Amino acid sequence: MSKQILNVKNINKEFKVKSTKLFSRPDPVKVLKDISFDLYEGETLSIVGESGCGKTTLGRCIAKGVEATSGEVIYHSDADKQIDYLHMDKQEFKQFRKDIQMIFQDPYSSLSPRMSVYDIITEPLITNFNLSKAEVDKKVSEIAEKTGLNASYLRRYPHAFSGGQRQRIAIARALITQPKIIVCDEAVSALDVSIQAQIINLLIDLQKEFGITYIFISHDLSVVQTISDKVAVMHLGKIVEMADVEEIFNHPKHPYTEALLSAVPIPDPNVEKDRIILDGEVPNPANPPTGCEFHPRCPYKTDKCISERPDLTQTDEENVHLSACHYANELHLKGVKIANEGNE
Ligand SMILES: Nc1ncnc2c1ncn2[C@@H]1O[C@H](COP(=O)(O)OP(=O)(O)OP(=O)(O)O)[C@@H](O)[C@H]1O
Ligand SMILES: [Mg+2]
């Protein structure tokens with residue numbers, strides 16, 4: 001079994017948003033609520049859920065792009081030190097910055113148009129290490145080769161590249177410091193399907209070669225199915241289900257996951273699919289429902305769901321399948337059959 005690399009413990013994040021009432025103070029809105037999970041070296045944990053459920057905010061809190069309001073993120077460094085970096089100041093965190101990188105969704109806006117590709121890729125290296133020009137050049141050509149970028153193009157500016165190439169540039173930039181963990185936030189969502197497949201294969205190859213751990217944020221469950229070892233399903237700032245990828249897809253134990261899975265296309269015309277349409281709107285995070293926050297849209301709700309909030313608990317000793325549904329083991333929810341082979 002591989003070693004733990006990250007323990008995320010009770011992360012909460014509040015944003016202050018302008019009140020709709022005149023002269024009143026900004027209201028705090030809880031966007032992340034008690035998020036906890038463990039991450040193991042070399043694995044891919046995908047985070048899925050509807051738009052606005054807090055995926056990006058969680059990724060940014062972990063990569064320390066925004067400050068969490070409370071909680072801990074314990075990083076097990078190479079020297080087997082355990083470091084809670086969440087509350088470190090920028091200067092203190094600098095030594096770990098190189099280990100935890102982030103790749104964003106939009107390769108058109110996440111790369112500075114005023115910097116050459118060479119400067120974009122080397123920036124994290126120059127801020128984190130004290131290397132000679134020759135050493136930097138050597139690292140850049142190695143990374144360019146690994147990520148499929150032609151070294152002779154490195155003096156050009158991002159606008160000269162296609163979407164897929166830009167995402168390769170973003171990956172090269174993230175990789176140059178040899179990070180242990182990369183948070184990929186919708187990293188392939190803006191790309192054409194064929195380019196998506198190339199980038200996913202690249203991420204998988206790089207993971208095999210360097211043992212990188214990914215937190216893969218995506219709303220595309222077909223992609224998630226290909227790349228993940230584990231999946232966490234988020235609803236309104238909380239994890240409502242978490243398990244190995246086959247478990248989540250084959251045997252979901254939360255009605256919200258079942259509804260999300262019902263939208264996954266199956267490339268077999270003989271398989272009939274009942275798509276579950278969730279009635280009603282996504283609840284307002286500023287005024288969440290009582291009890292189970294999914295109950296207003298849940299087809300299986302009972303009075304208990306309206307009054308009692310279910311905790312995320314283990315439902316099965318062997319598979320370590322967590323669900324926050326009162327009826328996780330009683331409902332027989334429909335999954336999507338996937339092969340039992342992970343992303344090998
Ligand atoms: N800087 C901010 N100030 C106030 N509210 C914010 C801020 N950033 C995010 N939010 C709110 O936090 C919630 C979660 O946003 P987030 O971007 O994390 O969702 P997401 O799951 O990544 O959505 P998407 O799938 O659309 O990318 C949303 O309700 C959003 O409006
Ligand atoms: Mg997002």
# chains A, B, ... in the order shown; residues from 1 in each chain; ligands from 1

$ residues_around --residues "segment 106-121 of chain A" --least-positions-apart "4" --cutoff "9 Å" --atoms "only C-alpha atoms" --output "MDAnalysis selection string"
chainID A and resid 125 140 153:159 163:176 186:191

$ residues_near_ligand --ligand "ligand 2" --cutoff "12 Å" --atoms "only C-alpha atoms and all ligand atoms" --output "list in words"
Ile47, Val48, Gly49, Glu50, Ser51, Gly52, Cys53, Gly54, Lys55, Thr56, Thr57, Leu58, Gly59, Arg60, Ile103, Phe104, Gln105, Asp106, Val183, Cys184, Asp185, Glu186, Ala187, Ser189, Phe216, Ile217, Ser218, His219 and Met234 of chain A

$ closest_residue --among "A:Val66, A:Ile126, A:Ala197, A:Glu318" --to "Lys90 of chain A" --atoms "only C-alpha atoms"
A:Val66

$ select_by_dssp --residues "segment 160-273 of chain A" --states "strand (DSSP E)" --output "MDAnalysis selection string"
chainID A and resid 181:185 213:217 230:235 238:244

$ residues_around --residues "Tyr214 of chain A" --least-positions-apart "5" --cutoff "6 Å" --atoms "only C-alpha atoms" --output "list in words"
Thr44, Ile181, Ile182 and Val183 of chain A

$ decode --residues "segment 148-182 of chain A" --atoms "N, CA, C and O atoms" --output "PDB file, in the first residue's frame"
ATOM      1  N   GLY A 148       5.576  16.800 -24.772  1.00  0.00           N
ATOM      2  CA  GLY A 148       5.294  16.831 -26.208  1.00  0.00           C
ATOM      3  C   GLY A 148       5.319  18.219 -26.807  1.00  0.00           C
ATOM      4  O   GLY A 148       4.579  18.506 -27.745  1.00  0.00           O
ATOM      5  N   LEU A 149       6.150  19.115 -26.250  1.00  0.00           N
ATOM      6  CA  LEU A 149       6.277  20.460 -26.825  1.00  0.00           C
ATOM      7  C   LEU A 149       7.576  20.538 -27.605  1.00  0.00           C
ATOM      8  O   LEU A 149       8.629  20.108 -27.110  1.00  0.00           O
ATOM      9  N   ASN A 150       7.501  21.125 -28.770  1.00  0.00           N
ATOM     10  CA  ASN A 150       8.691  21.253 -29.595  1.00  0.00           C
ATOM     11  C   ASN A 150       9.601  22.354 -29.013  1.00  0.00           C
ATOM     12  O   ASN A 150       9.188  23.501 -28.874  1.00  0.00           O
ATOM     13  N   ALA A 151      10.826  21.979 -28.631  1.00  0.00           N
ATOM     14  CA  ALA A 151      11.719  22.917 -27.943  1.00  0.00           C
ATOM     15  C   ALA A 151      11.995  24.175 -28.766  1.00  0.00           C
ATOM     16  O   ALA A 151      12.249  25.242 -28.216  1.00  0.00           O
ATOM     17  N   SER A 152      11.886  24.044 -30.090  1.00  0.00           N
ATOM     18  CA  SER A 152      12.190  25.221 -30.916  1.00  0.00           C
ATOM     19  C   SER A 152      11.065  26.262 -30.857  1.00  0.00           C
ATOM     20  O   SER A 152      11.210  27.374 -31.346  1.00  0.00           O
ATOM     21  N   TYR A 153       9.919  25.899 -30.265  1.00  0.00           N
ATOM     22  CA  TYR A 153       8.802  26.847 -30.172  1.00  0.00           C
ATOM     23  C   TYR A 153       8.812  27.647 -28.863  1.00  0.00           C
ATOM     24  O   TYR A 153       7.945  28.485 -28.651  1.00  0.00           O
ATOM     25  N   LEU A 154       9.781  27.362 -27.990  1.00  0.00           N
ATOM     26  CA  LEU A 154       9.672  27.913 -26.635  1.00  0.00           C
ATOM     27  C   LEU A 154       9.814  29.431 -26.558  1.00  0.00           C
ATOM     28  O   LEU A 154       9.427  30.039 -25.569  1.00  0.00           O
ATOM     29  N   ARG A 155      10.389  30.032 -27.592  1.00  0.00           N
ATOM     30  CA  ARG A 155      10.530  31.493 -27.577  1.00  0.00           C
ATOM     31  C   ARG A 155       9.265  32.195 -28.042  1.00  0.00           C
ATOM     32  O   ARG A 155       9.171  33.407 -28.027  1.00  0.00           O
ATOM     33  N   ARG A 156       8.294  31.422 -28.481  1.00  0.00           N
ATOM     34  CA  ARG A 156       7.052  32.041 -28.954  1.00  0.00           C
ATOM     35  C   ARG A 156       6.141  32.391 -27.773  1.00  0.00           C
ATOM     36  O   ARG A 156       6.375  31.954 -26.650  1.00  0.00           O
ATOM     37  N   TYR A 157       5.070  33.117 -28.084  1.00  0.00           N
ATOM     38  CA  TYR A 157       4.118  33.542 -27.057  1.00  0.00           C
ATOM     39  C   TYR A 157       2.875  32.648 -27.126  1.00  0.00           C
ATOM     40  O   TYR A 157       2.588  32.057 -28.178  1.00  0.00           O
ATOM     41  N   PRO A 158       2.118  32.545 -26.007  1.00  0.00           N
ATOM     42  CA  PRO A 158       1.020  31.559 -25.971  1.00  0.00           C
ATOM     43  C   PRO A 158       0.010  31.682 -27.106  1.00  0.00           C
ATOM     44  O   PRO A 158      -0.556  30.682 -27.524  1.00  0.00           O
ATOM     45  N   HIS A 159      -0.214  32.911 -27.618  1.00  0.00           N
ATOM     46  CA  HIS A 159      -1.262  33.052 -28.638  1.00  0.00           C
ATOM     47  C   HIS A 159      -0.947  32.250 -29.905  1.00  0.00           C
ATOM     48  O   HIS A 159      -1.829  31.971 -30.718  1.00  0.00           O
ATOM     49  N   ALA A 160       0.333  31.871 -30.071  1.00  0.00           N
ATOM     50  CA  ALA A 160       0.712  31.124 -31.272  1.00  0.00           C
ATOM     51  C   ALA A 160       0.376  29.634 -31.161  1.00  0.00           C
ATOM     52  O   ALA A 160       0.657  28.869 -32.074  1.00  0.00           O
ATOM     53  N   PHE A 161      -0.212  29.225 -30.028  1.00  0.00           N
ATOM     54  CA  PHE A 161      -0.446  27.786 -29.821  1.00  0.00           C
ATOM     55  C   PHE A 161      -1.936  27.447 -29.790  1.00  0.00           C
ATOM     56  O   PHE A 161      -2.766  28.275 -29.418  1.00  0.00           O
ATOM     57  N   SER A 162      -2.242  26.196 -30.105  1.00  0.00           N
ATOM     58  CA  SER A 162      -3.627  25.720 -30.037  1.00  0.00           C
ATOM     59  C   SER A 162      -3.972  25.393 -28.582  1.00  0.00           C
ATOM     60  O   SER A 162      -3.094  25.347 -27.721  1.00  0.00           O
ATOM     61  N   GLY A 163      -5.260  25.132 -28.339  1.00  0.00           N
ATOM     62  CA  GLY A 163      -5.713  24.841 -26.972  1.00  0.00           C
ATOM     63  C   GLY A 163      -4.967  23.664 -26.349  1.00  0.00           C
ATOM     64  O   GLY A 163      -4.533  23.720 -25.203  1.00  0.00           O
ATOM     65  N   GLY A 164      -4.818  22.581 -27.125  1.00  0.00           N
ATOM     66  CA  GLY A 164      -4.139  21.393 -26.596  1.00  0.00           C
ATOM     67  C   GLY A 164      -2.686  21.688 -26.273  1.00  0.00           C
ATOM     68  O   GLY A 164      -2.157  21.255 -25.246  1.00  0.00           O
ATOM     69  N   GLN A 165      -2.027  22.471 -27.150  1.00  0.00           N
ATOM     70  CA  GLN A 165      -0.618  22.816 -26.896  1.00  0.00           C
ATOM     71  C   GLN A 165      -0.501  23.724 -25.676  1.00  0.00           C
ATOM     72  O   GLN A 165       0.416  23.585 -24.876  1.00  0.00           O
ATOM     73  N   ARG A 166      -1.475  24.645 -25.547  1.00  0.00           N
ATOM     74  CA  ARG A 166      -1.430  25.527 -24.372  1.00  0.00           C
ATOM     75  C   ARG A 166      -1.574  24.722 -23.084  1.00  0.00           C
ATOM     76  O   ARG A 166      -0.947  25.021 -22.079  1.00  0.00           O
ATOM     77  N   GLN A 167      -2.444  23.701 -23.135  1.00  0.00           N
ATOM     78  CA  GLN A 167      -2.590  22.907 -21.918  1.00  0.00           C
ATOM     79  C   GLN A 167      -1.307  22.122 -21.646  1.00  0.00           C
ATOM     80  O   GLN A 167      -0.923  21.926 -20.504  1.00  0.00           O
ATOM     81  N   ARG A 168      -0.600  21.725 -22.691  1.00  0.00           N
ATOM     82  CA  ARG A 168       0.705  21.075 -22.498  1.00  0.00           C
ATOM     83  C   ARG A 168       1.683  22.056 -21.851  1.00  0.00           C
ATOM     84  O   ARG A 168       2.502  21.682 -21.011  1.00  0.00           O
ATOM     85  N   ILE A 169       1.608  23.334 -22.257  1.00  0.00           N
ATOM     86  CA  ILE A 169       2.479  24.356 -21.654  1.00  0.00           C
ATOM     87  C   ILE A 169       2.150  24.478 -20.157  1.00  0.00           C
ATOM     88  O   ILE A 169       3.050  24.510 -19.307  1.00  0.00           O
ATOM     89  N   ALA A 170       0.834  24.499 -19.849  1.00  0.00           N
ATOM     90  CA  ALA A 170       0.420  24.611 -18.438  1.00  0.00           C
ATOM     91  C   ALA A 170       0.910  23.396 -17.646  1.00  0.00           C
ATOM     92  O   ALA A 170       1.346  23.523 -16.492  1.00  0.00           O
ATOM     93  N   ILE A 171       0.863  22.222 -18.265  1.00  0.00           N
ATOM     94  CA  ILE A 171       1.328  21.003 -17.579  1.00  0.00           C
ATOM     95  C   ILE A 171       2.847  21.077 -17.392  1.00  0.00           C
ATOM     96  O   ILE A 171       3.366  20.752 -16.319  1.00  0.00           O
ATOM     97  N   ALA A 172       3.555  21.545 -18.426  1.00  0.00           N
ATOM     98  CA  ALA A 172       5.021  21.664 -18.319  1.00  0.00           C
ATOM     99  C   ALA A 172       5.391  22.624 -17.190  1.00  0.00           C
ATOM    100  O   ALA A 172       6.295  22.363 -16.394  1.00  0.00           O
ATOM    101  N   ARG A 173       4.643  23.723 -17.087  1.00  0.00           N
ATOM    102  CA  ARG A 173       4.897  24.708 -16.028  1.00  0.00           C
ATOM    103  C   ARG A 173       4.673  24.072 -14.641  1.00  0.00           C
ATOM    104  O   ARG A 173       5.440  24.279 -13.710  1.00  0.00           O
ATOM    105  N   ALA A 174       3.576  23.296 -14.541  1.00  0.00           N
ATOM    106  CA  ALA A 174       3.271  22.657 -13.262  1.00  0.00           C
ATOM    107  C   ALA A 174       4.315  21.602 -12.910  1.00  0.00           C
ATOM    108  O   ALA A 174       4.637  21.388 -11.741  1.00  0.00           O
ATOM    109  N   LEU A 175       4.859  20.946 -13.956  1.00  0.00           N
ATOM    110  CA  LEU A 175       5.777  19.821 -13.710  1.00  0.00           C
ATOM    111  C   LEU A 175       7.218  20.219 -13.423  1.00  0.00           C
ATOM    112  O   LEU A 175       7.978  19.431 -12.878  1.00  0.00           O
ATOM    113  N   ILE A 176       7.581  21.436 -13.823  1.00  0.00           N
ATOM    114  CA  ILE A 176       9.002  21.778 -13.843  1.00  0.00           C
ATOM    115  C   ILE A 176       9.649  21.725 -12.453  1.00  0.00           C
ATOM    116  O   ILE A 176      10.838  21.470 -12.322  1.00  0.00           O
ATOM    117  N   THR A 177       8.837  21.935 -11.410  1.00  0.00           N
ATOM    118  CA  THR A 177       9.417  21.882 -10.059  1.00  0.00           C
ATOM    119  C   THR A 177       9.368  20.459  -9.483  1.00  0.00           C
ATOM    120  O   THR A 177       9.630  20.262  -8.303  1.00  0.00           O
ATOM    121  N   GLN A 178       9.000  19.502 -10.325  1.00  0.00           N
ATOM    122  CA  GLN A 178       8.832  18.101  -9.902  1.00  0.00           C
ATOM    123  C   GLN A 178       7.923  17.973  -8.683  1.00  0.00           C
ATOM    124  O   GLN A 178       8.326  17.513  -7.615  1.00  0.00           O
ATOM    125  N   PRO A 179       6.674  18.430  -8.840  1.00  0.00           N
ATOM    126  CA  PRO A 179       5.760  18.419  -7.699  1.00  0.00           C
ATOM    127  C   PRO A 179       5.348  17.013  -7.298  1.00  0.00           C
ATOM    128  O   PRO A 179       5.407  16.086  -8.108  1.00  0.00           O
ATOM    129  N   LYS A 180       4.928  16.888  -6.069  1.00  0.00           N
ATOM    130  CA  LYS A 180       4.405  15.603  -5.578  1.00  0.00           C
ATOM    131  C   LYS A 180       2.907  15.524  -5.849  1.00  0.00           C
ATOM    132  O   LYS A 180       2.361  14.450  -6.029  1.00  0.00           O
ATOM    133  N   ILE A 181       2.263  16.694  -5.782  1.00  0.00           N
ATOM    134  CA  ILE A 181       0.807  16.732  -5.912  1.00  0.00           C
ATOM    135  C   ILE A 181       0.436  17.793  -6.948  1.00  0.00           C
ATOM    136  O   ILE A 181       0.985  18.901  -6.909  1.00  0.00           O
ATOM    137  N   ILE A 182      -0.465  17.445  -7.863  1.00  0.00           N
ATOM    138  CA  ILE A 182      -0.974  18.466  -8.791  1.00  0.00           C
ATOM    139  C   ILE A 182      -2.498  18.491  -8.693  1.00  0.00           C
ATOM    140  O   ILE A 182      -3.154  17.445  -8.783  1.00  0.00           O
TER     141      ILE A 182
END
